[in-house]
Structure formats: C-alpha cells, structure tokens
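Peer 1: Below you'll find my_file.cif; it's mmCIF, C-alpha atoms and all ligand atoms.
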data_model
loop_
_atom_site.label_atom_id
_atom_site.label_comp_id
_atom_site.auth_asym_id
_atom_site.auth_seq_id
_atom_site.Cartn_x
_atom_site.Cartn_y
_atom_site.Cartn_z
CA MET X 18 -80.03 -130.15 18.81
CA THR X 19 -80.93 -127.20 20.93
CA ALA X 20 -77.76 -125.16 21.27
CA SER X 21 -74.93 -124.04 19.01
CA TRP X 22 -71.21 -124.39 19.63
CA VAL X 23 -70.64 -120.87 18.27
CA ASP X 24 -69.68 -118.11 20.74
CA GLY X 25 -72.48 -115.73 21.58
CA ALA X 26 -75.25 -118.08 20.47
CA GLU X 27 -76.26 -118.93 24.02
CA PRO X 28 -79.98 -118.92 24.86
CA GLY X 29 -80.95 -115.33 25.60
CA SER X 30 -78.96 -113.88 22.70
CA ASP X 31 -80.53 -112.48 19.52
CA PHE X 32 -79.12 -115.18 17.27
CA PRO X 33 -79.22 -118.63 18.88
CA LEU X 34 -79.53 -121.86 16.87
CA GLN X 35 -83.32 -121.38 16.80
CA ASN X 36 -83.11 -118.14 14.79
CA LEU X 37 -80.72 -118.56 11.82
CA PRO X 38 -81.72 -115.47 9.81
CA LEU X 39 -80.21 -114.85 6.38
CA GLY X 40 -78.63 -111.58 5.34
CA ILE X 41 -76.19 -110.05 2.87
CA PHE X 42 -72.82 -108.91 4.15
CA SER X 43 -69.35 -107.95 2.98
CA ASP X 44 -65.97 -107.69 4.70
CA ASP X 45 -62.29 -107.25 3.92
CA GLY X 46 -62.26 -110.80 2.63
CA GLY X 47 -64.86 -110.28 -0.06
CA GLY X 48 -67.83 -108.53 -1.61
CA ARG X 49 -71.54 -108.89 -0.94
CA ARG X 50 -72.62 -112.44 -0.22
CA ALA X 51 -75.18 -114.39 1.75
CA GLY X 52 -74.64 -115.31 5.36
CA VAL X 53 -76.56 -116.57 8.34
CA ALA X 54 -76.34 -114.92 11.75
CA ILE X 55 -75.27 -117.20 14.59
CA GLY X 56 -74.23 -115.77 17.94
CA ASP X 57 -71.64 -113.05 17.41
CA TYR X 58 -70.77 -114.45 13.98
CA ILE X 59 -71.97 -114.84 10.42
CA LEU X 60 -71.63 -118.16 8.65
CA ASP X 61 -70.42 -117.24 5.16
CA LEU X 62 -72.66 -119.30 2.87
CA ALA X 63 -70.49 -118.58 -0.17
CA SER X 64 -67.30 -119.97 1.35
CA ALA X 65 -69.22 -122.79 3.05
CA ALA X 66 -70.95 -123.73 -0.21
CA GLU X 67 -69.42 -127.20 -0.36
CA LEU X 68 -71.19 -128.06 2.89
CA LEU X 69 -74.57 -127.24 1.33
CA ASP X 70 -76.79 -128.96 -1.21
CA GLU X 71 -75.42 -128.50 -4.71
CA GLY X 72 -78.80 -127.35 -5.99
CA TRP X 73 -78.85 -124.40 -3.59
CA ARG X 74 -75.42 -122.99 -4.31
CA GLY X 75 -76.25 -120.87 -7.36
CA ASP X 76 -78.95 -118.84 -5.65
CA LEU X 77 -76.99 -118.53 -2.40
CA ALA X 78 -73.91 -117.25 -4.25
CA LEU X 79 -75.74 -114.12 -5.48
CA PRO X 80 -75.26 -110.70 -3.81
CA VAL X 81 -79.01 -110.48 -3.07
CA LEU X 82 -81.46 -113.04 -1.65
CA ASN X 83 -84.35 -112.53 -4.12
CA ALA X 84 -83.83 -115.81 -5.96
CA TRP X 85 -83.35 -117.77 -2.75
CA LEU X 86 -86.43 -116.28 -1.08
CA ALA X 87 -88.47 -117.03 -4.22
CA ARG X 88 -87.88 -120.76 -3.72
CA GLY X 89 -90.52 -120.96 -1.06
CA PRO X 90 -90.95 -122.78 2.25
CA GLY X 91 -89.72 -126.24 1.19
CA ASP X 92 -86.15 -125.26 0.33
CA HIS X 93 -86.07 -122.76 3.18
CA ALA X 94 -86.92 -125.51 5.66
CA ALA X 95 -84.30 -127.80 4.13
CA LEU X 96 -81.56 -125.16 4.45
CA ARG X 97 -82.62 -124.47 8.01
CA ALA X 98 -82.36 -128.15 8.86
CA ARG X 99 -78.87 -128.37 7.32
CA LEU X 100 -77.69 -125.21 9.14
CA THR X 101 -79.06 -126.57 12.41
CA GLU X 102 -76.95 -129.69 11.87
CA LEU X 103 -73.80 -127.75 10.92
CA LEU X 104 -74.03 -125.17 13.70
CA GLY X 105 -75.58 -127.38 16.36
CA ASP X 106 -73.49 -130.52 16.17
CA GLU X 107 -70.03 -130.07 17.68
CA ALA X 108 -68.80 -132.78 15.29
CA ASN X 109 -69.08 -130.26 12.43
CA ARG X 110 -67.07 -127.60 14.19
CA ASP X 111 -63.78 -128.18 12.36
CA ALA X 112 -65.46 -128.10 8.95
CA VAL X 113 -67.58 -125.05 9.67
CA GLU X 114 -65.55 -122.81 11.97
CA LEU X 115 -63.25 -121.52 9.22
CA HIS X 116 -66.31 -120.09 7.41
CA LEU X 117 -67.37 -117.88 10.34
CA VAL X 118 -66.93 -114.10 10.10
CA GLY X 119 -67.27 -111.87 13.16
CA GLN X 120 -70.34 -109.65 12.93
CA SER X 121 -68.20 -106.76 14.12
CA GLU X 122 -65.91 -107.29 11.09
CA ALA X 123 -68.78 -107.28 8.59
CA THR X 124 -70.84 -104.60 6.88
CA MET X 125 -74.48 -105.47 6.35
CA HIS X 126 -76.35 -104.59 3.16
CA LEU X 127 -79.93 -104.69 1.92
CA PRO X 128 -80.86 -108.38 1.74
CA CYS X 129 -82.78 -107.99 -1.51
CA LEU X 130 -83.00 -105.89 -4.62
CA ILE X 131 -86.32 -104.35 -3.65
CA GLY X 132 -88.56 -103.95 -6.67
CA ASP X 133 -91.47 -102.45 -4.76
CA TYR X 134 -92.11 -101.20 -1.27
CA THR X 135 -95.63 -100.81 0.13
CA ASP X 136 -96.54 -99.40 3.51
CA PHE X 137 -99.72 -100.41 5.29
CA TYR X 138 -101.55 -98.84 8.24
CA VAL X 139 -102.71 -101.86 10.25
CA GLY X 140 -101.69 -100.53 13.68
CA ILE X 141 -105.16 -99.65 14.93
CA HIS X 142 -104.04 -97.76 18.02
CA HIS X 143 -101.68 -95.63 15.92
CA ALA X 144 -104.43 -94.98 13.39
CA THR X 145 -106.78 -94.01 16.22
CA ASN X 146 -104.23 -91.78 17.97
CA VAL X 147 -103.28 -89.96 14.78
CA GLY X 148 -106.90 -89.77 13.61
CA LYS X 149 -107.87 -88.14 16.90
CA GLN X 150 -105.44 -85.30 16.29
CA PHE X 151 -107.27 -84.49 13.07
CA ARG X 152 -110.82 -85.72 13.77
CA PRO X 153 -111.53 -86.02 17.52
CA ASP X 154 -115.09 -87.28 16.94
CA GLN X 155 -114.26 -89.81 14.20
CA PRO X 156 -110.63 -90.94 14.50
CA LEU X 157 -111.00 -94.00 12.26
CA LEU X 158 -112.47 -93.49 8.81
CA PRO X 159 -115.39 -95.79 7.88
CA ASN X 160 -113.26 -98.04 5.65
CA TYR X 161 -110.65 -98.92 8.30
CA LYS X 162 -112.26 -102.09 9.66
CA TYR X 163 -113.00 -103.40 6.15
CA VAL X 164 -109.85 -102.48 4.21
CA PRO X 165 -106.20 -103.05 5.21
CA ILE X 166 -105.21 -99.48 4.25
CA GLY X 167 -101.91 -99.00 2.44
CA TYR X 168 -100.02 -96.85 -0.02
CA HIS X 169 -97.18 -97.46 -2.44
CA GLY X 170 -93.89 -96.26 -1.03
CA ARG X 171 -90.57 -95.85 -2.78
CA ALA X 172 -88.04 -98.67 -3.03
CA SER X 173 -85.04 -96.57 -4.11
CA SER X 174 -84.61 -94.94 -0.70
CA VAL X 175 -84.87 -98.07 1.47
CA ARG X 176 -81.57 -98.48 3.32
CA VAL X 177 -80.16 -100.86 5.87
CA SER X 178 -79.84 -99.92 9.54
CA GLY X 179 -77.14 -97.34 10.26
CA GLU X 180 -77.69 -95.15 7.21
CA PRO X 181 -77.56 -91.46 8.23
CA VAL X 182 -80.94 -89.75 8.28
CA VAL X 183 -80.42 -86.58 6.26
CA ARG X 184 -83.03 -84.08 7.40
CA PRO X 185 -85.34 -83.59 4.44
CA ALA X 186 -86.39 -80.21 3.16
CA GLY X 187 -89.78 -79.57 1.69
CA GLN X 188 -92.89 -77.44 1.66
CA HIS X 189 -94.56 -76.85 4.97
CA LYS X 190 -97.25 -74.43 6.00
CA PRO X 191 -97.87 -73.68 9.67
CA PRO X 192 -101.62 -73.23 10.30
CA GLU X 193 -101.19 -69.51 10.97
CA ALA X 194 -99.13 -68.86 7.83
CA GLU X 195 -100.81 -67.70 4.66
CA ALA X 196 -98.51 -69.50 2.27
CA PRO X 197 -96.13 -72.47 2.53
CA GLU X 198 -92.39 -72.12 2.56
CA TYR X 199 -89.62 -74.50 1.45
CA GLY X 200 -87.01 -75.44 4.03
CA PRO X 201 -85.74 -78.13 6.41
CA SER X 202 -88.47 -80.19 8.10
CA ARG X 203 -89.06 -79.06 11.67
CA ARG X 204 -91.20 -82.04 12.63
CA LEU X 205 -89.00 -85.03 11.76
CA ASP X 206 -90.34 -88.28 13.22
CA TYR X 207 -89.86 -92.04 13.10
CA GLU X 208 -92.43 -94.82 12.75
CA LEU X 209 -91.93 -98.21 14.43
CA GLU X 210 -93.03 -100.93 12.03
CA LEU X 211 -92.40 -104.52 11.07
CA GLY X 212 -91.35 -105.29 7.51
CA LEU X 213 -92.42 -108.38 5.54
CA TRP X 214 -90.25 -109.86 2.80
CA ILE X 215 -92.13 -111.40 -0.10
CA GLY X 216 -90.67 -114.75 -1.15
CA ARG X 217 -92.62 -116.48 -3.86
CA GLY X 218 -94.57 -113.98 -5.97
CA ASN X 219 -97.90 -114.24 -7.79
CA ALA X 220 -98.66 -113.81 -11.48
CA LEU X 221 -100.36 -110.60 -12.58
CA GLY X 222 -104.10 -111.13 -12.41
CA GLU X 223 -103.91 -114.02 -9.93
CA PRO X 224 -104.75 -113.01 -6.34
CA ILE X 225 -103.16 -114.91 -3.45
CA PRO X 226 -105.89 -116.66 -1.43
CA ILE X 227 -105.79 -116.02 2.30
CA GLY X 228 -105.10 -119.70 3.02
CA ARG X 229 -101.92 -119.54 0.91
CA ALA X 230 -100.69 -116.10 1.89
CA ARG X 231 -98.23 -117.30 4.51
CA ASP X 232 -96.34 -119.35 1.91
CA HIS X 233 -95.51 -116.09 0.13
CA ILE X 234 -93.95 -114.42 3.18
CA ALA X 235 -90.26 -115.35 3.38
CA GLY X 236 -89.35 -113.29 6.41
CA PHE X 237 -89.67 -110.33 8.72
CA CYS X 238 -87.55 -107.37 9.79
CA LEU X 239 -87.80 -104.11 11.70
CA LEU X 240 -88.70 -101.08 9.63
CA ASN X 241 -88.45 -97.36 10.39
CA ASP X 242 -90.67 -95.26 8.15
CA TRP X 243 -88.99 -91.89 8.79
CA SER X 244 -91.64 -89.21 8.43
CA ALA X 245 -91.58 -85.41 8.07
CA ARG X 246 -94.85 -84.50 9.76
CA ASP X 247 -94.91 -80.88 8.60
CA LEU X 248 -94.41 -81.90 4.98
CA GLN X 249 -96.99 -84.66 5.43
CA ALA X 250 -99.70 -82.41 6.87
CA TRP X 251 -99.45 -80.01 3.93
CA GLU X 252 -99.08 -82.50 1.06
CA TYR X 253 -101.19 -85.53 1.98
CA GLN X 254 -104.53 -84.46 0.59
CA PRO X 255 -105.88 -85.79 -1.70
CA LEU X 256 -103.44 -88.54 -2.74
CA GLY X 257 -101.72 -89.49 0.52
CA PRO X 258 -98.07 -89.65 1.67
CA PHE X 259 -95.38 -88.63 -0.80
CA LEU X 260 -92.24 -86.57 -0.08
CA ALA X 261 -92.88 -86.68 3.69
CA LYS X 262 -92.01 -90.39 3.59
CA ASN X 263 -89.85 -91.26 0.61
CA PHE X 264 -86.60 -89.56 1.64
CA LEU X 265 -85.55 -92.67 3.63
CA THR X 266 -86.87 -95.94 5.02
CA SER X 267 -84.52 -97.93 7.29
CA ILE X 268 -84.70 -101.69 7.88
CA SER X 269 -82.87 -104.18 10.09
CA PRO X 270 -80.56 -106.33 7.96
CA TRP X 271 -81.52 -109.88 8.95
CA VAL X 272 -84.43 -111.77 7.34
CA ILE X 273 -86.13 -113.51 10.25
CA SER X 274 -87.81 -116.61 8.86
CA PRO X 275 -91.40 -117.68 9.52
CA GLU X 276 -89.99 -120.91 10.94
CA ALA X 277 -87.96 -119.06 13.54
CA LEU X 278 -91.10 -117.12 14.46
CA ALA X 279 -93.36 -120.19 14.55
CA PRO X 280 -93.10 -120.68 18.37
CA PHE X 281 -94.26 -117.11 18.82
CA ARG X 282 -97.38 -117.27 16.68
CA ILE X 283 -100.55 -116.53 18.60
CA ALA X 284 -104.18 -115.83 17.88
CA MET X 285 -105.11 -112.53 16.28
CA PRO X 286 -106.67 -110.23 18.88
CA PRO X 287 -110.43 -110.71 18.79
CA ARG X 288 -112.32 -107.93 17.04
CA ALA X 289 -114.22 -105.60 19.32
CA ASP X 290 -117.95 -106.03 19.77
CA GLY X 291 -119.73 -104.32 16.92
CA ASP X 292 -116.76 -104.51 14.53
CA PRO X 293 -117.62 -106.03 11.15
CA ALA X 294 -116.28 -109.50 10.32
CA PRO X 295 -113.57 -109.41 7.64
CA LEU X 296 -114.98 -109.98 4.15
CA PRO X 297 -114.65 -113.67 3.20
CA TYR X 298 -111.55 -113.18 1.01
CA LEU X 299 -109.71 -111.87 4.12
CA ASP X 300 -111.10 -114.39 6.59
CA ASP X 301 -109.40 -117.65 7.48
CA ALA X 302 -109.88 -119.77 10.59
CA ASP X 303 -106.22 -120.77 10.80
CA ASP X 304 -105.10 -117.17 10.39
CA ARG X 305 -107.49 -116.07 13.12
CA ALA X 306 -106.06 -118.74 15.42
CA ASN X 307 -102.35 -118.37 14.52
CA GLY X 308 -101.91 -115.19 12.47
CA GLY X 309 -100.70 -112.99 15.33
CA LEU X 310 -97.02 -112.47 16.12
CA SER X 311 -95.86 -112.08 19.70
CA ILE X 312 -92.91 -109.78 18.99
CA GLN X 313 -91.64 -107.39 21.65
CA LEU X 314 -90.69 -103.95 20.38
CA GLU X 315 -88.55 -101.24 21.93
CA VAL X 316 -87.45 -97.82 20.74
CA THR X 317 -84.75 -95.71 22.40
CA LEU X 318 -83.41 -92.23 21.75
CA THR X 319 -80.05 -90.60 22.45
CA THR X 320 -79.14 -87.00 21.70
CA ALA X 321 -75.61 -85.79 21.01
CA ALA X 322 -75.56 -84.19 24.48
CA MET X 323 -76.67 -87.46 26.10
CA ARG X 324 -73.90 -89.39 24.36
CA ASP X 325 -71.32 -86.76 25.32
CA ALA X 326 -72.45 -87.02 28.96
CA GLY X 327 -72.47 -90.83 28.84
CA LEU X 328 -76.18 -90.97 29.70
CA ALA X 329 -78.20 -94.11 29.10
CA PRO X 330 -80.56 -94.09 26.11
CA HIS X 331 -84.07 -92.80 26.79
CA VAL X 332 -86.69 -95.51 26.32
CA LEU X 333 -89.39 -94.02 24.11
CA SER X 334 -91.60 -97.11 23.97
CA ARG X 335 -91.94 -100.77 24.84
CA GLY X 336 -94.78 -102.89 23.61
CA SER X 337 -95.89 -105.96 21.71
CA ALA X 338 -96.70 -106.16 18.02
CA ASP X 339 -99.53 -108.65 18.36
CA ALA X 340 -102.05 -106.44 20.10
CA ALA X 341 -101.26 -103.56 17.75
CA MET X 342 -102.14 -105.24 14.45
CA TYR X 343 -105.77 -105.11 13.39
CA TRP X 344 -104.87 -107.06 10.23
CA SER X 345 -102.47 -110.01 10.07
CA ALA X 346 -99.46 -110.39 7.79
CA ALA X 347 -101.47 -112.88 5.70
CA GLN X 348 -104.38 -110.47 5.36
CA ILE X 349 -101.94 -107.75 4.24
CA VAL X 350 -100.50 -109.98 1.51
CA THR X 351 -103.89 -111.25 0.36
CA HIS X 352 -105.40 -107.79 0.23
CA HIS X 353 -102.40 -106.41 -1.69
CA SER X 354 -102.87 -109.05 -4.39
CA SER X 355 -106.68 -109.15 -4.23
CA ASN X 356 -107.08 -107.00 -7.35
CA GLY X 357 -104.56 -109.08 -9.26
CA CYS X 358 -101.56 -106.90 -8.40
CA ASN X 359 -98.45 -109.06 -8.68
CA LEU X 360 -96.05 -109.24 -5.76
CA GLN X 361 -92.48 -110.19 -6.59
CA PRO X 362 -89.65 -111.90 -4.71
CA GLY X 363 -87.84 -109.33 -2.59
CA ASP X 364 -90.75 -106.89 -2.38
CA LEU X 365 -90.89 -105.17 0.99
CA ILE X 366 -94.12 -104.46 2.87
CA GLY X 367 -94.38 -102.32 6.00
CA THR X 368 -97.13 -103.05 8.49
CA GLY X 369 -97.71 -99.45 9.50
CA THR X 370 -96.81 -97.95 12.85
CA LEU X 371 -97.31 -100.36 15.72
CA SER X 372 -98.53 -98.62 18.88
CA THR X 373 -100.01 -100.22 21.97
CA ALA X 374 -103.39 -99.22 23.36
CA GLY X 375 -101.67 -97.72 26.41
CA ASP X 376 -99.10 -94.94 26.49
CA ASP X 377 -96.03 -97.16 27.11
CA GLY X 378 -95.75 -98.46 23.59
CA LEU X 379 -96.47 -95.58 21.22
CA GLY X 380 -94.61 -96.03 17.94
CA SER X 381 -93.98 -92.42 16.88
CA LEU X 382 -93.09 -89.06 18.43
CA LEU X 383 -96.26 -87.64 16.89
CA GLU X 384 -98.18 -89.79 19.38
CA ILE X 385 -95.72 -89.58 22.30
CA SER X 386 -95.56 -85.76 22.21
CA ARG X 387 -99.28 -85.39 21.31
CA GLY X 388 -98.45 -83.65 18.07
CA GLY X 389 -95.81 -81.53 19.81
CA LYS X 390 -98.06 -80.35 22.66
CA ALA X 391 -96.40 -82.54 25.30
CA PRO X 392 -92.60 -82.59 24.74
CA ILE X 393 -90.70 -85.39 26.43
CA GLU X 394 -88.04 -84.55 29.01
CA LEU X 395 -84.64 -86.22 28.79
CA ALA X 396 -82.04 -86.93 31.47
CA SER X 397 -79.78 -84.34 29.82
CA GLY X 398 -82.33 -81.63 30.63
CA GLU X 399 -83.25 -81.36 26.96
CA THR X 400 -86.79 -81.73 25.67
CA ARG X 401 -88.01 -83.23 22.42
CA SER X 402 -91.24 -83.08 20.47
CA PHE X 403 -89.61 -84.21 17.24
CA LEU X 404 -86.08 -85.23 16.22
CA GLU X 405 -83.19 -82.75 16.26
CA ASP X 406 -79.90 -83.08 14.40
CA GLY X 407 -77.63 -85.53 16.21
CA ASP X 408 -80.51 -87.56 17.63
CA GLU X 409 -80.22 -91.33 17.23
CA VAL X 410 -83.22 -93.66 17.20
CA VAL X 411 -82.61 -97.35 17.92
CA MET X 412 -85.35 -99.93 17.37
CA ARG X 413 -85.02 -103.45 18.78
CA ALA X 414 -87.32 -106.44 18.62
CA TRP X 415 -87.28 -109.90 20.13
CA CYS X 416 -89.56 -112.83 20.89
CA GLU X 417 -89.71 -114.73 24.14
CA ARG X 418 -92.09 -117.05 25.93
CA ASP X 419 -91.94 -119.92 28.39
CA GLY X 420 -90.89 -123.15 26.72
CA ALA X 421 -89.19 -121.49 23.74
CA VAL X 422 -85.69 -120.12 23.18
CA ARG X 423 -85.67 -116.35 22.82
CA ILE X 424 -84.77 -114.97 19.40
CA GLY X 425 -84.01 -111.39 18.37
CA LEU X 426 -84.72 -109.50 15.18
CA GLY X 427 -81.64 -107.34 15.73
CA GLU X 428 -81.55 -103.56 15.47
CA CYS X 429 -82.68 -100.80 13.18
CA THR X 430 -80.84 -97.55 13.90
CA GLY X 431 -80.49 -94.13 12.37
CA ARG X 432 -78.88 -90.83 13.38
CA VAL X 433 -80.21 -87.51 12.12
CA VAL X 434 -77.82 -85.18 10.32
CA ALA X 435 -78.47 -81.71 8.95
CA GLY X 436 -79.57 -81.53 5.33
CA ALA X 437 -77.41 -80.02 2.59
CA GLY X 438 -79.70 -77.11 1.86
MN MN W 501 -95.66 -95.81 7.96
#
Turn the structure described in the file into structure tokens.
Peer 2:
Amino acid sequence: MTASWVDGAEPGSDFPLQNLPLGIFSDDGGGRRAGVAIGDYILDLASAAELLDEGWRGDLALPVLNAWLARGPGDHAALRARLTELLGDEANRDAVELHLVGQSEATMHLPCLIGDYTDFYVGIHHATNVGKQFRPDQPLLPNYKYVPIGYHGRASSVRVSGEPVVRPAGQHKPPEAEAPEYGPSRRLDYELELGLWIGRGNALGEPIPIGRARDHIAGFCLLNDWSARDLQAWEYQPLGPFLAKNFLTSISPWVISPEALAPFRIAMPPRADGDPAPLPYLDDADDRANGGLSIQLEVTLTTAAMRDAGLAPHVLSRGSADAAMYWSAAQIVTHHSSNGCNLQPGDLIGTGTLSTAGDDGLGSLLEISRGGKAPIELASGETRSFLEDGDEVVMRAWCERDGAVRIGLGECTGRVVAGAG
C-alpha cells in the first residue's frame, strides 16, 4: 500500500501514509488521548481501540505516550504496520472512518509527561557563528570536536506549538552600563532545533552503547529554544544557560518515528581534515554511514503590521539539518548516558541550533542580525534585530528525495506577547 484513502493524505502533504506520527489531542468529544496524524485528520486510537491489538490498548489509552514509547521498536513497527493496513486499504474505510477527527477540530497537547529536558549544541556552524561574536580568533572551544556539548534544561516550561511567548524579564547589563538592571528582555530570540524523544530508557549506571542508541530514540520533533540573549550574556558564566532559556521551550506536537524517517537517513558529513576522530565510545561505522538526517528546515517571521497589511511571511532561513549536525542523534544519546546517567521514556533532548554553513539557513536572529549589528528589513518597512511584541515565528520541517514520498514534521509556532511586569 502506498497511498491512503483519507482526504489530505496525498503525496506531497505533511502526513501521508508513509508518516503516521503519534500525538496527544483533545476535542469536544473527549479529553486527552492518543491519535495518529493522517492527511487533514487524526485517527483517534482510543475510539478505534477494537481495531488494534489487545495488548496495545492499555498504553494507547493513556493521556501521554510515555508508556507506549517505552515499548521500543518492535511494538512501534507492529502498530505502524497495522495503521498502514487500516488507513491504506480502502476495504477498511467503513470500519475506520468513524474514528477520524479533523485536525482543525482538535487541540494538540504535549505528547509525553517530560521528566527531563536536555539541550545540546551539536550545530557546528551555529557554535562557530556565535563563538566568533565572543572570540573571533577561537570560535570553537578545544572540547567541541571531542564532546557533544549540552546542558540540562527545564522540563516544566516545555509547551506545544502555539503557546504564547511571554516576553521574559530578567537581569541584563549593557556593556557600557556599570550595573545590571531588571526588566523585560530587549534581545528576545528563537533557536531552530530538532527534538528527540527518548523511548526505552536505560538503568542508572548502565551507559547506552553507540550501536544500540538508535533503539532508544522513539521519535523526532521541531523544537524552538526561545532565548533572551541579554539575560544570557550576563548570566552564563560560569555555569551556562539558566533563566535566559527556561522561560519557554516550544515543540511541534507530532512524534515523527524513526521508521518514517528511514528513507531520509544519510551519511554523517565527513569530519574536516585535521579534526580528531570521535573517541571509540562515540564511533560506529553504521552511524557514520546512516546517522545523518536529511530534514529540510524553514523559519518564517510575521509582525503584527505585516499581518494587518496581509503581507506574506518573511523567510528567515531555509536549510538542511544533516549538514548542520557535527554529532548524530545516536552520539547525543550515547554521550548523555556515557557516565551512567539514566534516560527515561518521554525525556526530551534538543540538538542545539541548526544553522547552515552559508547565510541562507541561519537558525537564530543572533546570527542573522550579527548580534544586532545588521538588522533585517521587512516588506512592511520595519526592521528587526530581535523579536518585538506581536512577532510570530513559524518553524516548518519536511523530508523529500527522489524515490520516496515526502513527509512533514508539521509546525512549531509562537507569538510574542508583552510580559506582565
Ligand atoms: Mn538551544
């Protein structure tokens, strides 16, 4: 079966039969429950339970996917096969159609109860661009090509796409000022990242070997690591990001499975001449050959004035994730657990900002506006170095190549509103 009978699932859409991402939704007909995106619809897995294996129903009836994701690749493949049959074979239409809910009628929620959120920094062009602003002669610190750098973020403020972005207040100190002041951030930014969902966890004290890491990744999403650059510049030494980051992290709602992404796996970009080889615990021939993800990324911006004037969104960046990632998803997971740290089902990991080597695909305004020195000009006549109240950032991602059906990751959006203070 190659195509679905559901409206909107035609090849070229985000959610054809080849995608089948899981998510958690609610609607007038009921509370939070699991569903799978197909075309313009969601197949309600709670109401369609009798069409599914009896052994799956308990976990799929929960309002979060943690238990289902923890089952690992075997059950995930079996569900995918069954859904392909139900949504691909016209003979099942009568039995299945009554369990479809229009996506426009549904509200999406976080797919998991997120115990921990970690953000990495594997986008080497982003790390280089940002490093240059602080250290023109040594943009990358000496550990970068040995260690997948990361920090522990905050799970409580992760929200699904659409959540308003309340401008954070905090301490900031302009270089010329003698002392910091407390007030609304004036350098509010976004960061374009991919998110990884941990499926099966590991026991405390038992690292995940690189050759097994992929079995622990249950899915992918888009992630926006909203960042207050003025707060960040003042607070980050010596312990790293804190209040500049943890006021909000937005994610796209659908969990895109590794199986859906399989046709778009490619080799990791070769390391530059003179770069060290990864240490053995991070090195794996199969990961080198297939650990890259050919995912196309796009970020657009609209201001309130642009929307009022009916102007098209301004494209801030277009680029591909694969060339941006110095470390693979598997290397991220293995490194995170390499000291025995236990990952748990439903943990969320950000890759770090994904910028291309060229200027077309820069994943933050900090890079696009050169730290504010080169404001962008918009069709409305406005300029932007950082985000103003009313600005809306929309991230989109999709995969396409000859010989495969395109799939989309969906959207991750957020509109900035003034803070309370
Ligand atoms: Mn980040």
Peer 1: For chain X versus ligand MN 501 (chain W), which residues have an atom no more than 9 Å away, and what is each residue's nearest atom pair and distance in Å rounded to one decimal, using all atoms listed in the file, chain-then-number order, as a Markdown table?
Peer 2:
| residue | atom | partner | partner_atom | distance |
| --- | --- | --- | --- | --- |
| X:Asp136 | CA | W:MN501 | MN | 5.8 |
| X:Phe137 | CA | W:MN501 | MN | 6.7 |
| X:Tyr138 | CA | W:MN501 | MN | 6.6 |
| X:Gly167 | CA | W:MN501 | MN | 8.9 |
| X:Tyr207 | CA | W:MN501 | MN | 8.6 |
| X:Glu208 | CA | W:MN501 | MN | 5.9 |
| X:Leu209 | CA | W:MN501 | MN | 7.8 |
| X:Glu210 | CA | W:MN501 | MN | 7.0 |
| X:Leu240 | CA | W:MN501 | MN | 8.9 |
| X:Asn241 | CA | W:MN501 | MN | 7.8 |
| X:Asp242 | CA | W:MN501 | MN | 5.0 |
| X:Trp243 | CA | W:MN501 | MN | 7.8 |
| X:Ser244 | CA | W:MN501 | MN | 7.7 |
| X:Lys262 | CA | W:MN501 | MN | 7.9 |
| X:Gly367 | CA | W:MN501 | MN | 6.9 |
| X:Thr368 | CA | W:MN501 | MN | 7.4 |
| X:Gly369 | CA | W:MN501 | MN | 4.5 |
| X:Thr370 | CA | W:MN501 | MN | 5.5 |
Peer 1: Using only C-alpha atoms, which of the listed residues (X:Gly327, X:Gly431, X:Pro258, X:Pro286) sits closest to Tyr343 (chain X)?
Peer 2: X:Pro286
Peer 1: Can you find the residues with an atom no farther than 7 Å from (-79.6, -96.2, 24.0), counting only C-alpha atoms, and report them as a list in words?
Peer 2: Thr317, Leu318, Thr319, Ala329, Pro330, His331 and Val411 of chain X
Peer 1: May I ask for the distance between CA of Leu260 (chain X) and CA of Leu213 (chain X), given in Å to one decimal place?
Peer 2: 22.5 Å
Peer 1: Within 12 Å of Asp45 (chain X), counting all atoms listed in the file, which residues show up once you throw out same-chain ones fewer than 2 positions away? Write them as a list of chain:residue names, please.
Peer 2: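 Counting all atoms listed in the file, the residues come to X:Phe42, X:Ser43, X:Gly47, X:Gly48, X:Arg49, X:Val118, X:Gly119, X:Ser121, X:Glu122, X:Ala123, X:Thr124.
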Peer 1: My list of candidates is X:Ala20, X:Leu69, X:Met323, X:Ala279. Which is closest to Ala95 (chain X) when distances are computed with all atoms listed in the file?
Peer 2: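 Under the stated criterion, the closest residue is X:Leu69.
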Peer 1: Need the neighbours of (-112.8, -112.0, 7.9): which residues are at most 12 Å away, counting only C-alpha atoms, as a PyMOL selection string?
Peer 2: chain X and resi 162-165+227-228+285+287-288+292-305+343-345+347-348+351-352
Peer 1: Can you list, as a list in words, every protein, DNA or RNA residue that comes within 8 Å of Ser402 (chain X) when you count all atoms listed in the file, leaving out same-chain residues fewer than 5 positions away?
Peer 2: Arg204, Leu382, Leu383, Ser386, Gly388, Gly389, Lys390, Ala391, Pro392 and Ile393 of chain X
Peer 1: Just want the 9 Å neighbourhood of Asp376 (chain X), counted on only C-alpha atoms, with same-chain residues fewer than 5 positions away dropped. Output as a tab-separated table (two decimals) with C-alpha atoms, in the coordinates of the input.
Peer 2:
chain	number	residue	atom	x	y	z
X	334	SER	CA	-91.60	-97.11	23.97
X	384	GLU	CA	-98.18	-89.79	19.38
X	385	ILE	CA	-95.72	-89.58	22.30
Peer 1: Expressed in Å to a single decimal, how great is the separation between CA of Gly132 (chain X) and CA of Ser372 (chain X)?
Peer 2: 27.9 Å
Peer 1: Which residues are near Glu180 (chain X)? Cut-off 8 Å, only C-alpha atoms, ignore same chain within fewer than 2 positions. Put them as a count of residues only.
Peer 2: 8
Peer 1: Report as a ChimeraX atom specification all protein, DNA and RNA residues lying within 8 Å of Ala277 (chain X), evaluated on all atoms listed in the file, omitting residues in the same chain fewer than 4 positions from it.
Peer 2: /X:35-37,273,424
Peer 1: Smallest atom-to-atom distance to Asp364 (chain X): which of X:Pro153, X:Gly236, X:Pro80, X:Gly378, using only C-alpha atoms?
Peer 2: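 Among X:Pro153, X:Gly236, X:Pro80, X:Gly378, it is X:Gly236 that comes nearest to Asp364 (chain X).
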Peer 1: So the first atom is CA of Trp22 (chain X) and the second is CA of Pro270 (chain X); what is the distance between them in Å, to one decimal place?
Peer 2: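 Separation between CA of Trp22 (chain X) and CA of Pro270 (chain X): 23.4 Å.
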Peer 1: So which one's closest to Arg423 (chain X), X:Tyr161, X:Trp251, X:Phe281, X:Phe259? Using all atoms listed in the file, please.
Peer 2: X:Phe281
Peer 1: With only C-alpha atoms as the basis for distance, which of X:Glu27, X:Asp61, X:Asp92, X:Glu417 is at the shortest distance from Trp73 (chain X)?
Peer 2: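 So, comparing all the options, the nearest one is X:Asp92.
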Peer 1: Have a look at X:Leu60, X:Leu239, X:Ile41, X:Ala84 and name the one nearest to Leu365 (chain X); count all atoms listed in the file.
Peer 2: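 Among the listed residues, the smallest separation from Leu365 (chain X) belongs to X:Leu239.
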